[in-house]
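Below is one structure, written out as structure tokens, with a few remarks after it.
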Amino acid sequence: DVTLRQVRKSYGSLEVVHGVDLDIKSGEFVVFVGPSGCGKSTLLRMIAGLEPITGGEISIEGRVVNDVPSPQRGIAMVFQSYALYPHMTVYENMAFGLKLKKTPKEEVDQRVREAARILQIEPYLDRMPKALSGGQRQRVAIGRAIVRNPKVFLFDEPLSNLDASLRAQTRVEIARLHDTLDATMIYVTHDQVEAMTLADRIVVLNAGNIEQVGSPLELYRNPVNTFVAGFIASQR
Ligand code: ATP
Ligand code: MG
């Protein structure tokens with residue numbers, strides 16, 4: 001599980017995340033939504049350990065991680081801009097992080113092939129990234145995360161660079177991935193359909209605060225205020 005207790009973030013004198021409390025259960029799929037600049041990416045980056053927190057406490061799998069460096073947090077992050085290494089094949093891109101950690105060669109091979117099977121990118125393992133479509137590249141980026149066998153996946157608008165049909169296809173794949181891996185997933189999106197179809201619970205953020213947390217149906221039926229109602233409705 002992932003727990004946030006009064007998590008704060010300031011840049012200089014400006015506080016952009018104001019004491020956020022959130023309990024995410026193991027295996028849960030949680031989606032963050034909210035207007036541009038409300039703090040979604042900042043929250044993910046703090047959970048990932050890519051950004052120090054200014055106050056409060058973050059726990060992952062029962063361990064306070066405030067002072068744990070990012071690589072030791074057992075999380076993997078997939079961004080909107082999937083920077084693959086252009087001079088490496090798909091296989092090498094996926095294997096690179098494990099090789100850095102001196103993982104035995106047979107284990108690297110097994111994990112890369114398993115991830116490629118799950119994501120249906122086995123035919124492309126020997127290709128260079130430039131010979132892939134955007135959707136295939138994004139799946140390789142997700143594959144790089146899977147091979148590390150993380151307990152927690154963080155996604156920051158992973159599909160926003162894809163066209164509508166690839167977006168729908170990759171969304172289905174991410175849902176299947178969640179069922180297969182039984183990992184905790186925290187997912188940021190602006191897309192109403194992604195939020196409604198992927199989420200066990202949606203967290204609606206506004207200006208560094210949580211407005212409401214609930215299942216898609218709960219938010220749809222019982223928005224706590226006009227902001228939530230408007231935000232859900234505005235995207236329909
Ligand atoms: P978007 O939907 O546009 O991606 P977001 O919800 O992810 O927005 P954040 O990137 O988390 O928003 O930013 C939250 C606030 O923090 C914004 O007001 C932003 O300008 C500010 N901010 C983010 N990074 C920095 C930084 N390095 N220095 C100063 N302010 C920052
Ligand atoms: Mg963002």
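Order determines the names: the first chain of the structure tokens is A, the second B, and so forth; residues in each chain are numbered 1 upward, and ligands are numbered 1 upward as they are shown.
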
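Taking only C-alpha atoms and all ligand atoms into account, every polymer residue with at least one atom at most 6 Å away from ligand 1 is listed here: Tyr11, Val16, Pro35, Ser36, Gly37, Cys38, Gly39, Lys40, Ser41 and Thr42 of chain A.
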
Using only C-alpha atoms, which residues of segment 112-181 of chain A come within 10 Å of segment 91-108 of chain A, and what is the closest atom pair for each, with the distance in Å to one decimal? Give it as a tab-separated table, sorted by chain and residue number.
```
residue	atom	partner	partner_atom	distance
A:Val112	CA	A:Val108	CA	6.1
A:Arg113	CA	A:Tyr91	CA	8.5
A:Glu114	CA	A:Val108	CA	9.9
A:Ala115	CA	A:Met94	CA	8.8
A:Ala116	CA	A:Tyr91	CA	8.8
A:Ile121	CA	A:Tyr91	CA	9.9
A:Glu122	CA	A:Tyr91	CA	9.1
A:Tyr124	CA	A:Tyr91	CA	8.3
A:Leu125	CA	A:Tyr91	CA	4.8
A:Asp126	CA	A:Tyr91	CA	6.2
A:Arg127	CA	A:Tyr91	CA	8.1
A:Met128	CA	A:Tyr91	CA	9.0
A:Pro129	CA	A:Asn93	CA	8.9
A:Val140	CA	A:Met94	CA	7.0
A:Ala141	CA	A:Met94	CA	7.8
A:Ile142	CA	A:Met94	CA	9.1
A:Gly143	CA	A:Met94	CA	6.3
A:Arg144	CA	A:Met94	CA	4.5
A:Ala145	CA	A:Met94	CA	8.1
A:Ile146	CA	A:Met94	CA	8.9
A:Val147	CA	A:Met94	CA	7.1
A:Arg148	CA	A:Leu98	CA	6.9
```

Go ahead and write the selection's residues with N, CA and C atoms as a PDB file, in the first residue's frame.
```pdb
ATOM      1  N   VAL A 112      12.579  -9.966 -19.437  1.00  0.00           N
ATOM      2  CA  VAL A 112      12.300  -9.182 -20.638  1.00  0.00           C
ATOM      3  C   VAL A 112      11.297  -9.922 -21.518  1.00  0.00           C
ATOM      4  N   ARG A 113      11.487 -11.237 -21.682  1.00  0.00           N
ATOM      5  CA  ARG A 113      10.590 -11.986 -22.562  1.00  0.00           C
ATOM      6  C   ARG A 113       9.185 -12.102 -21.967  1.00  0.00           C
ATOM      7  N   GLU A 114       9.108 -12.231 -20.658  1.00  0.00           N
ATOM      8  CA  GLU A 114       7.805 -12.280 -20.002  1.00  0.00           C
ATOM      9  C   GLU A 114       7.061 -10.948 -20.180  1.00  0.00           C
ATOM     10  N   ALA A 115       7.767  -9.836 -19.968  1.00  0.00           N
ATOM     11  CA  ALA A 115       7.139  -8.514 -20.136  1.00  0.00           C
ATOM     12  C   ALA A 115       6.711  -8.314 -21.589  1.00  0.00           C
ATOM     13  N   ALA A 116       7.565  -8.747 -22.517  1.00  0.00           N
ATOM     14  CA  ALA A 116       7.245  -8.596 -23.944  1.00  0.00           C
ATOM     15  C   ALA A 116       6.013  -9.423 -24.308  1.00  0.00           C
ATOM     16  N   ILE A 121       4.719  -7.391 -27.460  1.00  0.00           N
ATOM     17  CA  ILE A 121       5.734  -6.726 -28.280  1.00  0.00           C
ATOM     18  C   ILE A 121       6.889  -7.678 -28.604  1.00  0.00           C
ATOM     19  N   GLU A 122       6.641  -8.977 -28.450  1.00  0.00           N
ATOM     20  CA  GLU A 122       7.703  -9.955 -28.771  1.00  0.00           C
ATOM     21  C   GLU A 122       8.258  -9.801 -30.192  1.00  0.00           C
ATOM     22  N   TYR A 124       8.923  -7.337 -31.819  1.00  0.00           N
ATOM     23  CA  TYR A 124       9.725  -6.126 -32.038  1.00  0.00           C
ATOM     24  C   TYR A 124      11.006  -6.089 -31.210  1.00  0.00           C
ATOM     25  N   LEU A 125      11.308  -7.171 -30.502  1.00  0.00           N
ATOM     26  CA  LEU A 125      12.424  -7.117 -29.543  1.00  0.00           C
ATOM     27  C   LEU A 125      13.755  -6.725 -30.180  1.00  0.00           C
ATOM     28  N   ASP A 126      13.956  -7.086 -31.454  1.00  0.00           N
ATOM     29  CA  ASP A 126      15.242  -6.779 -32.093  1.00  0.00           C
ATOM     30  C   ASP A 126      15.231  -5.478 -32.878  1.00  0.00           C
ATOM     31  N   ARG A 127      14.089  -4.779 -32.856  1.00  0.00           N
ATOM     32  CA  ARG A 127      14.016  -3.522 -33.614  1.00  0.00           C
ATOM     33  C   ARG A 127      14.598  -2.350 -32.840  1.00  0.00           C
ATOM     34  N   MET A 128      14.981  -1.309 -33.591  1.00  0.00           N
ATOM     35  CA  MET A 128      15.376  -0.057 -32.958  1.00  0.00           C
ATOM     36  C   MET A 128      14.106   0.773 -32.717  1.00  0.00           C
ATOM     37  N   PRO A 129      14.117   1.627 -31.675  1.00  0.00           N
ATOM     38  CA  PRO A 129      12.918   2.417 -31.363  1.00  0.00           C
ATOM     39  C   PRO A 129      12.371   3.218 -32.544  1.00  0.00           C
ATOM     40  N   VAL A 140       6.892  -0.363 -24.987  1.00  0.00           N
ATOM     41  CA  VAL A 140       8.264  -0.670 -24.577  1.00  0.00           C
ATOM     42  C   VAL A 140       8.591   0.091 -23.279  1.00  0.00           C
ATOM     43  N   ALA A 141       8.145   1.343 -23.214  1.00  0.00           N
ATOM     44  CA  ALA A 141       8.381   2.136 -21.992  1.00  0.00           C
ATOM     45  C   ALA A 141       7.703   1.473 -20.790  1.00  0.00           C
ATOM     46  N   ILE A 142       6.495   0.945 -20.996  1.00  0.00           N
ATOM     47  CA  ILE A 142       5.811   0.233 -19.916  1.00  0.00           C
ATOM     48  C   ILE A 142       6.565  -1.069 -19.603  1.00  0.00           C
ATOM     49  N   GLY A 143       7.088  -1.706 -20.657  1.00  0.00           N
ATOM     50  CA  GLY A 143       7.875  -2.927 -20.482  1.00  0.00           C
ATOM     51  C   GLY A 143       9.108  -2.696 -19.624  1.00  0.00           C
ATOM     52  N   ARG A 144       9.746  -1.559 -19.823  1.00  0.00           N
ATOM     53  CA  ARG A 144      10.919  -1.218 -19.002  1.00  0.00           C
ATOM     54  C   ARG A 144      10.549  -1.132 -17.531  1.00  0.00           C
ATOM     55  N   ALA A 145       9.320  -0.670 -17.269  1.00  0.00           N
ATOM     56  CA  ALA A 145       8.854  -0.595 -15.878  1.00  0.00           C
ATOM     57  C   ALA A 145       8.552  -1.999 -15.342  1.00  0.00           C
ATOM     58  N   ILE A 146       7.894  -2.825 -16.160  1.00  0.00           N
ATOM     59  CA  ILE A 146       7.473  -4.156 -15.702  1.00  0.00           C
ATOM     60  C   ILE A 146       8.657  -5.032 -15.310  1.00  0.00           C
ATOM     61  N   VAL A 147       9.748  -4.984 -16.109  1.00  0.00           N
ATOM     62  CA  VAL A 147      10.866  -5.904 -15.849  1.00  0.00           C
ATOM     63  C   VAL A 147      11.482  -5.681 -14.473  1.00  0.00           C
ATOM     64  N   ARG A 148      11.292  -4.507 -13.931  1.00  0.00           N
ATOM     65  CA  ARG A 148      11.848  -4.233 -12.603  1.00  0.00           C
ATOM     66  C   ARG A 148      10.985  -4.842 -11.502  1.00  0.00           C
TER      67      ARG A 148
END
```

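Contact shell of Glu51 of chain A at 10 Å (only C-alpha atoms; same-chain neighbours under 4 positions omitted): Lys9, Thr42, Leu43, Leu44, Arg45, Met46, Ile47 and Ser70 of chain A.
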
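Nearest to ligand 2 of all the residues A:Ser160, A:Thr3, A:Thr184, A:Ser26 is A:Ser160, based on only C-alpha atoms and all ligand atoms.
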
What does the distance from atom CA of Gly135 of chain A to atom CA of Asp163 of chain A come to in Å, to one decimal?
8.6 Å

Leaving out Phe231 of chain A and any residue of its chain fewer than 6 positions from it, which residues lie within 9 Å of it when counting only C-alpha atoms, given as a ChimeraX atom specification?
/A:33-35,204
